[in-house]
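Coordinates as given in input.txt (compact mmCIF, C-alpha atoms and all ligand atoms):
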# COMPACT_ATOMS: atom_id res chain seq x y z
CA MET A 1 106.57 21.15 91.38
CA GLU A 2 108.35 20.76 94.73
CA LEU A 3 106.70 22.26 97.78
CA ARG A 4 109.75 24.45 98.36
CA ASP A 5 109.47 25.91 94.83
CA LYS A 6 105.78 26.62 95.34
CA LEU A 7 106.58 28.30 98.63
CA GLU A 8 109.16 30.51 96.96
CA ILE A 9 106.69 31.66 94.29
CA LEU A 10 103.65 32.06 96.53
CA ALA A 11 105.45 33.78 99.38
CA ASP A 12 107.00 36.23 96.93
CA ALA A 13 103.60 36.84 95.32
CA ALA A 14 102.12 37.67 98.73
CA LYS A 15 104.65 40.38 99.53
CA TYR A 16 102.61 43.05 97.74
CA ASP A 17 99.92 42.82 100.36
CA ALA A 18 100.59 45.60 102.87
CA SER A 19 98.80 44.11 105.82
CA CYS A 20 101.92 42.95 107.61
CA ALA A 21 104.24 45.38 109.35
CA SER A 22 107.32 44.06 107.63
CA SER A 23 105.85 44.44 104.14
CA GLY A 24 107.34 47.86 103.60
CA ALA A 25 110.49 47.29 105.61
CA PRO A 26 113.86 47.26 103.92
CA ARG A 27 115.01 43.83 102.90
CA ARG A 28 117.54 42.66 105.42
CA SER A 29 119.44 39.52 104.91
CA SER A 30 122.46 38.07 106.62
CA GLN A 31 124.17 35.63 104.25
CA GLY A 32 121.64 35.42 101.48
CA LYS A 33 118.07 34.46 102.19
CA ASP A 34 118.61 32.00 104.99
CA GLY A 35 121.31 33.58 107.13
CA LEU A 36 121.04 34.04 110.85
CA GLY A 37 118.61 36.84 111.62
CA ALA A 38 117.34 37.17 108.05
CA SER A 39 113.97 38.83 108.40
CA THR A 40 112.68 37.98 104.97
CA GLY A 41 112.95 34.23 104.96
CA MET A 42 110.48 32.53 102.73
CA GLY A 43 107.02 33.79 103.50
CA ILE A 44 107.56 34.87 107.09
CA CYS A 45 106.47 38.37 108.01
CA HIS A 46 106.32 40.12 111.33
CA SER A 47 103.19 41.81 112.47
CA TYR A 48 101.41 43.04 115.58
CA THR A 49 98.27 41.67 117.16
CA PRO A 50 95.65 44.10 118.47
CA ASP A 51 97.11 43.78 121.97
CA GLY A 52 100.51 44.88 120.72
CA ARG A 53 102.34 41.53 120.62
CA CYS A 54 104.80 41.09 117.76
CA VAL A 55 104.02 37.87 115.93
CA SER A 56 105.57 36.06 113.00
CA LEU A 57 103.15 34.96 110.33
CA LEU A 58 103.49 32.62 107.39
CA LYS A 59 102.34 35.01 104.66
CA ILE A 60 101.46 33.23 101.45
CA LEU A 61 98.96 32.98 98.62
CA LEU A 62 97.04 29.77 98.09
CA THR A 63 97.71 30.41 94.39
CA ASN A 64 98.90 33.21 92.15
CA PHE A 65 96.82 31.96 89.24
CA CYS A 66 93.98 34.44 88.78
CA VAL A 67 91.10 34.79 86.36
CA TYR A 68 90.89 38.56 87.01
CA ASP A 69 93.04 41.13 85.26
CA CYS A 70 93.55 43.96 87.76
CA GLN A 71 96.04 46.24 86.05
CA TYR A 72 98.05 47.07 89.17
CA CYS A 73 98.55 43.45 90.21
CA VAL A 74 101.53 41.24 89.41
CA ASN A 75 99.27 38.18 89.56
CA ARG A 76 96.75 39.41 87.00
CA ARG A 77 95.65 36.99 84.29
CA THR A 78 97.84 38.59 81.60
CA SER A 79 100.97 38.87 83.73
CA ASN A 80 103.91 36.78 82.63
CA VAL A 81 105.08 35.41 85.96
CA PRO A 82 105.81 31.87 87.18
CA ARG A 83 102.63 30.40 88.63
CA ALA A 84 102.01 27.89 91.38
CA ARG A 85 99.19 26.54 93.47
CA PHE A 86 99.17 24.89 96.86
CA THR A 87 96.67 22.23 97.77
CA VAL A 88 94.67 22.65 100.95
CA ALA A 89 96.72 19.85 102.55
CA GLU A 90 100.01 21.55 101.63
CA VAL A 91 99.10 24.85 103.26
CA VAL A 92 97.90 23.02 106.37
CA LYS A 93 101.11 20.98 106.53
CA LEU A 94 103.36 24.01 106.03
CA THR A 95 101.53 25.96 108.71
CA VAL A 96 101.59 23.15 111.25
CA ASP A 97 105.25 22.29 110.53
CA PHE A 98 106.40 25.90 110.79
CA TYR A 99 104.34 26.40 113.93
CA LEU A 100 105.73 23.29 115.63
CA ARG A 101 109.26 24.46 114.82
CA ASN A 102 108.46 27.81 116.38
CA TYR A 103 109.04 29.68 113.12
CA ILE A 104 105.61 31.27 113.14
CA ASP A 105 102.73 32.26 115.40
CA GLY A 106 100.11 32.20 112.69
CA LEU A 107 99.04 32.28 109.07
CA PHE A 108 98.24 35.15 106.72
CA LEU A 109 96.51 33.63 103.70
CA SER A 110 95.33 35.29 100.52
CA SER A 111 94.73 34.01 97.00
CA GLY A 112 94.23 34.79 93.36
CA ILE A 113 90.79 33.80 92.10
CA ILE A 114 90.61 30.39 90.51
CA GLN A 115 87.50 29.03 88.79
CA SER A 116 85.13 31.26 90.76
CA ALA A 117 84.94 33.39 93.87
CA ASP A 118 82.99 30.66 95.71
CA TYR A 119 85.42 27.90 94.77
CA THR A 120 88.41 29.97 95.91
CA MET A 121 86.74 30.96 99.14
CA GLU A 122 85.80 27.32 99.84
CA GLN A 123 89.48 26.41 99.60
CA LEU A 124 90.52 29.18 102.01
CA VAL A 125 87.82 28.17 104.48
CA ALA A 126 88.81 24.51 104.18
CA ILE A 127 92.38 25.37 105.19
CA ALA A 128 91.29 27.36 108.22
CA ARG A 129 88.75 24.70 109.23
CA GLU A 130 91.27 21.90 108.98
CA LEU A 131 93.82 23.82 110.99
CA ARG A 132 91.33 24.58 113.74
CA GLU A 133 89.32 21.36 113.86
CA THR A 134 91.73 18.64 112.81
CA HIS A 135 94.97 20.07 114.19
CA GLN A 136 93.54 22.12 117.06
CA PHE A 137 95.64 25.03 115.75
CA ARG A 138 95.37 27.95 118.19
CA GLY A 139 97.67 30.33 116.33
CA TYR A 140 96.57 33.53 114.64
CA ILE A 141 94.80 33.26 111.25
CA HIS A 142 94.17 36.20 108.93
CA LEU A 143 92.12 35.30 105.85
CA LYS A 144 91.61 37.53 102.86
CA THR A 145 88.05 37.14 101.70
CA ILE A 146 86.77 37.22 98.15
CA PRO A 147 84.04 39.87 97.99
CA ASP A 148 81.94 38.04 95.39
CA ALA A 149 81.84 34.84 97.42
CA ASP A 150 78.62 33.56 98.97
CA PRO A 151 78.04 35.34 102.31
CA ALA A 152 77.68 31.91 103.94
CA LEU A 153 81.31 31.20 103.02
CA ILE A 154 82.47 34.52 104.44
CA GLU A 155 80.56 33.73 107.60
CA ALA A 156 82.26 30.35 107.79
CA ALA A 157 85.65 32.04 107.32
CA GLY A 158 84.90 34.27 110.31
CA ARG A 159 84.29 31.23 112.52
CA TYR A 160 87.87 30.06 112.03
CA ALA A 161 89.87 33.24 111.35
CA ASP A 162 90.97 35.84 113.88
CA ARG A 163 90.80 38.57 111.28
CA LEU A 164 89.09 38.89 107.90
CA SER A 165 89.94 41.44 105.28
CA VAL A 166 88.30 42.55 102.07
CA ASN A 167 90.59 44.67 99.94
CA ILE A 168 88.96 47.73 98.42
CA GLU A 169 92.24 48.42 96.55
CA LEU A 170 91.30 51.81 95.04
CA PRO A 171 89.38 54.69 96.60
CA SER A 172 86.87 55.35 93.83
CA GLN A 173 84.43 53.35 91.73
CA ASP A 174 85.79 55.06 88.59
CA SER A 175 89.33 53.84 89.27
CA ILE A 176 88.11 50.35 90.09
CA ALA A 177 86.09 50.25 86.86
CA ARG A 178 89.14 51.37 84.85
CA LEU A 179 91.87 49.33 86.53
CA ALA A 180 90.04 46.33 87.97
CA PRO A 181 87.06 45.89 85.65
CA GLU A 182 85.97 42.55 87.12
CA LYS A 183 85.66 44.09 90.58
CA ASN A 184 82.82 46.17 91.89
CA VAL A 185 82.98 48.57 94.78
CA HIS A 186 79.35 47.82 95.63
CA THR A 187 80.09 44.11 96.07
CA ILE A 188 83.18 44.91 98.14
CA LYS A 189 81.12 47.11 100.47
CA LEU A 190 78.37 44.49 100.70
CA ALA A 191 80.99 41.98 101.90
CA MET A 192 82.32 44.48 104.44
CA GLY A 193 78.76 45.17 105.57
CA SER A 194 77.99 41.50 106.08
CA ILE A 195 81.15 41.08 108.17
CA ARG A 196 80.22 44.12 110.22
CA ARG A 197 76.74 42.72 110.87
CA LYS A 198 78.20 39.44 112.07
CA LEU A 199 80.64 41.30 114.32
CA ASP A 200 77.77 43.35 115.78
CA GLU A 201 75.69 40.21 116.34
CA LYS A 202 78.60 38.58 118.12
CA ALA A 203 79.10 41.67 120.30
CA GLY A 204 75.40 41.54 121.22
CA GLU A 205 75.54 37.83 122.06
CA PRO A 206 78.91 37.12 123.65
CA LYS A 207 78.07 33.44 124.12
CA SER A 208 77.47 32.85 120.39
CA PRO A 209 80.26 31.13 118.38
CA ALA A 210 83.40 33.21 117.82
CA PHE A 211 83.51 35.41 114.74
CA ALA A 212 86.73 37.14 113.60
CA PRO A 213 87.66 38.42 117.08
CA ALA A 214 90.35 40.70 115.64
CA GLY A 215 87.79 42.35 113.34
CA GLN A 216 88.15 43.28 109.69
CA SER A 217 90.61 45.37 107.70
CA THR A 218 91.22 46.49 104.13
CA GLN A 219 93.99 47.75 101.89
CA MET A 220 94.22 50.66 99.46
CA ILE A 221 96.88 51.00 96.81
CA VAL A 222 98.46 54.44 96.67
CA GLY A 223 99.69 55.90 93.42
CA ALA A 224 98.17 53.42 90.94
CA ASP A 225 95.53 56.01 90.02
CA ALA A 226 95.26 59.78 90.26
CA SER A 227 93.42 59.86 93.60
CA ASP A 228 94.93 62.37 95.99
CA ASP A 229 95.50 61.85 99.72
CA LYS A 230 92.33 63.71 100.60
CA HIS A 231 90.30 61.28 98.53
CA ILE A 232 92.15 58.25 99.93
CA LEU A 233 91.78 59.38 103.55
CA GLY A 234 88.16 60.39 102.94
CA THR A 235 87.45 56.86 101.74
CA ALA A 236 89.26 55.44 104.79
CA GLU A 237 87.26 57.71 107.11
CA THR A 238 84.01 56.47 105.56
CA LEU A 239 85.09 52.85 105.80
CA TYR A 240 86.04 53.21 109.47
CA GLY A 241 82.68 54.83 110.20
CA SER A 242 80.45 52.58 108.11
CA TYR A 243 82.06 49.18 108.59
CA LYS A 244 83.95 49.55 111.86
CA LEU A 245 87.20 48.49 110.23
CA LYS A 246 90.08 47.92 112.61
CA ARG A 247 92.60 49.11 110.10
CA VAL A 248 93.01 50.50 106.60
CA TYR A 249 96.40 49.65 105.16
CA TYR A 250 98.07 51.77 102.49
CA SER A 251 100.32 50.11 99.97
CA ALA A 252 102.46 52.25 97.67
CA PHE A 253 101.97 51.05 94.12
CA SER A 254 105.04 49.28 92.87
CA PRO A 255 105.43 49.03 89.11
CA ILE A 256 105.81 45.47 87.99
CA PRO A 257 107.58 43.99 84.96
CA GLN A 258 105.60 44.57 81.77
CA SER A 259 103.14 46.87 83.52
CA PRO A 260 100.22 47.87 81.32
CA LYS A 261 100.11 51.49 80.12
CA SER A 262 97.10 52.16 82.32
CA VAL A 263 99.23 52.32 85.46
CA PRO A 264 102.18 54.63 86.19
CA LEU A 265 105.72 53.64 85.31
CA ALA A 266 107.13 54.98 88.57
CA PRO A 267 106.09 54.37 92.17
CA PRO A 268 104.86 57.26 94.34
CA PRO A 269 107.39 58.63 96.86
CA MET A 270 107.72 56.10 99.71
CA LEU A 271 107.21 58.94 102.16
CA ARG A 272 103.68 59.39 100.82
CA GLU A 273 102.63 56.00 102.16
CA HIS A 274 104.25 56.84 105.50
CA ARG A 275 102.41 60.17 105.75
CA LEU A 276 99.12 58.39 105.03
CA TYR A 277 99.77 55.98 107.90
CA GLN A 278 100.53 58.94 110.17
CA ALA A 279 97.32 60.69 109.14
CA ASP A 280 95.34 57.47 109.56
CA PHE A 281 96.75 57.15 113.07
CA LEU A 282 95.46 60.66 113.82
CA LEU A 283 92.00 59.75 112.50
CA ARG A 284 91.76 56.59 114.58
CA GLY A 285 93.44 57.64 117.77
CA TYR A 286 93.38 61.42 118.10
CA GLY A 287 89.92 62.40 116.94
CA PHE A 288 91.13 64.31 113.89
CA GLN A 289 88.92 64.50 110.84
CA VAL A 290 90.15 64.41 107.28
CA ARG A 291 88.91 67.94 106.63
CA GLU A 292 91.12 69.21 109.47
CA LEU A 293 94.23 67.51 108.12
CA LEU A 294 93.48 68.39 104.51
CA PRO A 295 91.09 71.35 104.20
CA GLU A 296 91.78 71.49 100.44
CA ASN A 297 92.08 68.73 97.86
CA GLY A 298 95.60 67.45 97.44
CA ASN A 299 98.26 65.42 99.17
CA LEU A 300 99.74 65.54 102.66
CA ALA A 301 102.99 67.46 103.00
CA LEU A 302 106.05 65.27 102.63
CA ASP A 303 108.51 67.48 104.52
CA ILE A 304 106.61 67.51 107.83
CA ASP A 305 104.24 65.09 109.51
CA PRO A 306 100.46 65.72 109.39
CA LYS A 307 100.12 66.68 113.05
CA LEU A 308 102.82 69.31 112.77
CA ALA A 309 101.24 70.52 109.52
CA TRP A 310 97.90 70.89 111.31
CA ALA A 311 99.52 72.77 114.23
CA LEU A 312 101.29 75.18 111.87
CA ALA A 313 98.02 75.83 110.03
CA ASN A 314 96.13 76.40 113.31
CA ARG A 315 98.42 78.65 115.32
CA GLN A 316 95.41 80.14 117.14
CA HIS A 317 95.56 77.10 119.48
CA PHE A 318 99.22 77.70 120.36
CA PRO A 319 101.21 78.12 122.47
CA MET A 320 98.91 75.87 124.50
CA ASP A 321 98.93 76.04 128.29
CA LEU A 322 99.43 72.41 129.35
CA ASN A 323 98.20 73.25 132.85
CA MET A 324 94.83 74.33 131.44
CA ALA A 325 94.08 72.47 128.20
CA ASP A 326 92.01 69.30 128.09
CA VAL A 327 93.63 65.99 127.28
CA THR A 328 92.40 65.78 123.68
CA MET A 329 93.91 69.18 122.87
CA ILE A 330 97.19 68.34 124.62
CA ALA A 331 97.41 65.23 122.44
CA ARG A 332 97.23 67.52 119.42
CA VAL A 333 100.49 69.25 120.34
CA PRO A 334 103.23 68.08 117.95
CA GLY A 335 105.59 65.82 119.88
CA ILE A 336 103.07 64.78 122.56
CA GLY A 337 101.37 61.42 122.12
CA LEU A 338 98.17 60.10 123.69
CA ARG A 339 99.93 58.41 126.60
CA ASN A 340 101.96 61.48 127.52
CA ALA A 341 98.89 63.70 127.23
CA GLN A 342 97.23 61.46 129.81
CA ARG A 343 100.32 61.53 132.05
CA ILE A 344 100.44 65.33 131.90
CA VAL A 345 96.81 65.55 133.03
CA GLU A 346 97.48 63.08 135.88
CA LEU A 347 100.57 65.01 136.97
CA ARG A 348 98.81 68.34 137.16
CA ARG A 349 96.28 66.89 139.62
CA MET A 350 99.20 66.98 142.08
CA ARG A 351 101.05 70.11 140.96
CA ARG A 352 101.65 72.44 138.07
CA VAL A 353 103.49 70.91 135.13
CA ARG A 354 107.02 72.26 134.55
CA TYR A 355 109.38 72.09 131.60
CA ALA A 356 111.59 69.40 133.20
CA ASP A 357 108.52 67.16 133.60
CA LEU A 358 108.12 67.04 129.84
CA SER A 359 111.73 66.13 129.41
CA ARG A 360 111.30 63.32 131.96
CA LEU A 361 108.31 62.08 129.95
CA ARG A 362 110.67 61.94 126.97
CA CYS A 363 108.62 64.32 124.89
CA SER A 364 110.48 65.60 121.86
CA MET A 365 111.54 68.93 123.43
CA ARG A 366 112.79 70.39 120.18
CA LYS A 367 109.43 69.73 118.63
CA ILE A 368 107.10 70.79 121.40
CA ALA A 369 108.99 73.90 122.53
CA PRO A 370 107.31 76.38 120.15
CA PHE A 371 103.84 75.07 120.94
CA ILE A 372 103.53 74.94 124.74
CA VAL A 373 103.28 77.02 127.87
CA VAL A 374 104.04 75.42 131.28
CA ALA A 375 104.62 76.82 134.79
CA ASP A 376 108.22 77.88 134.13
CA TYR A 377 108.33 78.18 130.35
CA ARG A 378 106.83 80.16 127.53
CA PRO A 379 108.42 80.18 124.07
CA ALA A 380 110.35 83.36 123.43
CA GLY A 381 109.33 83.56 119.81
CA ASP A 382 105.72 82.46 120.00
CA THR A 383 105.03 84.79 117.12
CA THR A 384 107.54 83.07 114.83
CA PRO A 385 105.84 82.73 111.45
CA SER A 386 104.63 79.25 110.61
CA GLU A 387 106.82 79.12 107.50
CA ALA A 388 109.94 79.75 109.58
CA LEU A 389 108.90 77.08 112.08
CA ARG A 390 108.25 74.70 109.24
CA ARG A 391 111.70 75.27 107.76
CA ALA A 392 113.28 74.76 111.17
CA MET A 393 111.40 71.55 111.82
CA ALA A 394 111.36 69.90 108.40
CA ASP A 395 113.71 66.99 107.94
CA ALA A 396 114.30 66.67 111.67
CA PRO A 397 116.11 63.35 112.04
CA GLU A 398 113.67 62.14 114.68
CA GLN A 399 110.70 63.06 112.52
CA MET A 400 110.29 59.57 111.12
CA ASN A 401 110.48 57.97 114.55
CA LEU A 402 107.78 59.92 116.30
CA TRP A 403 105.08 57.61 115.12
CA PRO A 404 105.65 54.19 116.53
CA GLU A 405 102.83 52.84 114.44
CA LEU A 406 101.54 49.45 115.47
CA GLN A 407 100.22 47.58 112.50
CA THR A 408 97.99 44.67 113.08
CA ALA A 409 97.74 41.85 110.67
S1 LIG A 501 91.77 39.56 91.92
FE1 LIG A 501 93.47 39.88 93.33
S2 LIG A 501 95.07 38.46 92.64
FE2 LIG A 501 93.59 38.60 90.98
S3 LIG A 501 94.42 40.18 89.62
FE3 LIG A 501 92.98 41.21 91.03
S4 LIG A 501 94.25 41.93 92.76
FE4 LIG A 501 95.45 40.37 91.61
What does this structure look like when you write it as structure tokens?
Amino acid sequence: MELRDKLEILADAAKYDASCASSGAPRRSSQGKDGLGASTGMGICHSYTPDGRCVSLLKILLTNFCVYDCQYCVNRRTSNVPRARFTVAEVVKLTVDFYLRNYIDGLFLSSGIIQSADYTMEQLVAIARELRETHQFRGYIHLKTIPDADPALIEAAGRYADRLSVNIELPSQDSIARLAPEKNVHTIKLAMGSIRRKLDEKAGEPKSPAFAPAGQSTQMIVGADASDDKHILGTAETLYGSYKLKRVYYSAFSPIPQSPKSVPLAPPPMLREHRLYQADFLLRGYGFQVRELLPENGNLALDIDPKLAWALANRQHFPMDLNMADVTMIARVPGIGLRNAQRIVELRRMRRVRYADLSRLRCSMRKIAPFIVVADYRPAGDTTPSEALRRAMADAPEQMNLWPELQTA
């Protein structure tokens, strides 16, 4: 099979992994696949590094052959899809060629499991090692790790990769046992734990050899099982706390041709994945806890974002006096982000904050108005019922743009 044909198959097979920012973006193509500005050219995805730089990554699988039969996966053993497999040398060559032509800044490499977890992991490590040691490749490398692989191989992967990830895929052991019977949540967590230990060791000994400087991440599939958002976010909260993950990615389940009966025929609403990312952002950056965002079992609201939903359910905190409140509470006001909360606190060291200041800071005035008090402003209807506020604010056109989520590969 020609290299180009393999690339077509193995780049397409990698698109279901959510760990790149462009994974969920609409397909945009000028003149077919290769036109000027096409953002979905073969295998190239755009993502963000932890310092906020946008980078282009070659996102491919080493192979889409797999001995496992995860029901939600297009590459499962029983799936009837065209298969291909790169050699180590081919992936190295593609990466170096694309890099030298300035097409990419790095590599995002995953794989189906061939022969055994150790054999597959050895191949992934060999690619990263050859890129780093033979070609002095200094670009970004994200390697998916195989949880069952020998910890020594995962440790070797961390020496060459910027980021490692171990996909937990589903939030509960029951769902994993039903839909991915060859996988085991215990093994997955052991792999995450061993990566965390290595990261901690490295932090304690800065002069020791590098180990995955961009940390570790995971992915959960949303809508392949009956788990609700509270369960999914609860699992994410535990993973962040126990394994110091940099990111949990959420990937809306997408039904695949000839899906087995064990998985749904329809995908979940796309907005559900978006709301989970918003809630995750609140957990990581704003000090929210899952039980605050979702006191009861169930899913996040789709018509309003989770921060607004929390504010409407906790009206006792509002309207909040921005000249008095501390920075963490100001950041909880719908329409005020972390940076603006900090700017408000800095401004009031010089003088009292006024309404026009918030406009200058480009806060969403329509959104914050019912929730704040400043020197020259208090909302007229600060007793407006939450339901009425919710109706007024749902489907606001800017609603989707208030969360400039940076996703790191
Ligand atoms: S192990 Fe990975 S590639 Fe293989 S079937 Fe499961 S999810 Fe798909």
Which residues are near ligand LIG 501 (chain A) in this structure, taking near to mean any atom at most 6 Å from a ligand atom and counting only C-alpha atoms and all ligand atoms? Format them as a VMD selection string.
chain A and resid 66 68 to 70 73 75 to 76 112 to 113
If you count all atoms listed in the file, which residues fall within 12 Å of Asp105 of chain A, apart from same-chain ones fewer than 6 positions away, as a VMD selection string?
chain A and resid 44 to 49 53 to 59 95 to 99 137 to 142 409
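Checking A:Cys363, A:Leu170, A:Ala177, A:Leu62 one by one against Arg343 of chain A, counting all atoms listed in the file, you find the shortest gap at A:Cys363.
For the choices A:Val333, A:Ala266, A:Ala301, A:Val92, the atom-to-atom distance to Glu130 of chain A is smallest for A:Val92 when using all atoms listed in the file.
Residues in contact range of segment 254-260 of chain A, defined as at most 10 Å between all atoms listed in the file, with sequence neighbours fewer than 5 positions away removed, read A:Tyr16, A:Gln71, A:Tyr72, A:Cys73, A:Val74, A:Asn75, A:Thr78, A:Ser79, A:Asn80, A:Val81, A:Leu179, A:Ile221, A:Val222, A:Gly223, A:Ala224, A:Leu265, A:Ala266, A:Pro267, A:Pro268.
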At what distance in Å, to one decimal, does atom CA of Val374 of chain A lie from atom CA of Arg354 of chain A?
5.4 Å
Please supply segment 119-142 of chain A, rebuilt with N, CA and C atoms, as a compact mmCIF listing (two decimals), in the frame of the given file.
# COMPACT_ATOMS: atom_id res chain seq x y z
N TYR A 119 84.48 29.03 94.70
CA TYR A 119 85.42 27.90 94.77
C TYR A 119 86.68 28.31 95.54
N THR A 120 87.19 29.51 95.23
CA THR A 120 88.41 29.97 95.91
C THR A 120 88.17 30.13 97.40
N MET A 121 87.03 30.73 97.72
CA MET A 121 86.74 30.96 99.14
C MET A 121 86.57 29.63 99.88
N GLU A 122 85.96 28.65 99.20
CA GLU A 122 85.80 27.32 99.84
C GLU A 122 87.16 26.74 100.22
N GLN A 123 88.14 26.94 99.32
CA GLN A 123 89.48 26.41 99.60
C GLN A 123 90.10 27.12 100.82
N LEU A 124 89.94 28.43 100.88
CA LEU A 124 90.52 29.18 102.01
C LEU A 124 89.86 28.74 103.32
N VAL A 125 88.54 28.59 103.27
CA VAL A 125 87.82 28.17 104.48
C VAL A 125 88.25 26.76 104.88
N ALA A 126 88.43 25.90 103.87
CA ALA A 126 88.81 24.51 104.18
C ALA A 126 90.14 24.47 104.92
N ILE A 127 91.06 25.34 104.52
CA ILE A 127 92.38 25.37 105.19
C ILE A 127 92.21 25.79 106.65
N ALA A 128 91.47 26.88 106.85
CA ALA A 128 91.29 27.36 108.22
C ALA A 128 90.54 26.33 109.07
N ARG A 129 89.53 25.70 108.46
CA ARG A 129 88.75 24.70 109.23
C ARG A 129 89.64 23.53 109.63
N GLU A 130 90.43 23.06 108.67
CA GLU A 130 91.27 21.90 108.98
C GLU A 130 92.30 22.25 110.05
N LEU A 131 92.86 23.43 109.95
CA LEU A 131 93.82 23.82 110.99
C LEU A 131 93.16 23.84 112.36
N ARG A 132 91.98 24.44 112.44
CA ARG A 132 91.33 24.58 113.74
C ARG A 132 90.76 23.26 114.24
N GLU A 133 90.07 22.52 113.36
CA GLU A 133 89.32 21.36 113.86
C GLU A 133 90.14 20.09 113.87
N THR A 134 90.96 19.88 112.85
CA THR A 134 91.73 18.64 112.81
C THR A 134 93.01 18.76 113.62
N HIS A 135 93.67 19.92 113.53
CA HIS A 135 94.97 20.07 114.19
C HIS A 135 94.91 20.91 115.46
N GLN A 136 93.71 21.31 115.84
CA GLN A 136 93.54 22.12 117.06
C GLN A 136 94.49 23.32 117.05
N PHE A 137 94.71 23.90 115.88
CA PHE A 137 95.64 25.03 115.75
C PHE A 137 95.07 26.25 116.46
N ARG A 138 95.84 26.78 117.41
CA ARG A 138 95.37 27.95 118.19
C ARG A 138 96.11 29.22 117.81
N GLY A 139 96.94 29.14 116.76
CA GLY A 139 97.67 30.33 116.33
C GLY A 139 96.74 31.32 115.62
N TYR A 140 97.32 32.44 115.26
CA TYR A 140 96.57 33.53 114.64
C TYR A 140 96.30 33.20 113.15
N ILE A 141 95.10 33.45 112.69
CA ILE A 141 94.80 33.26 111.25
C ILE A 141 94.15 34.53 110.70
N HIS A 142 94.76 35.07 109.66
CA HIS A 142 94.17 36.20 108.93
C HIS A 142 93.82 35.68 107.53
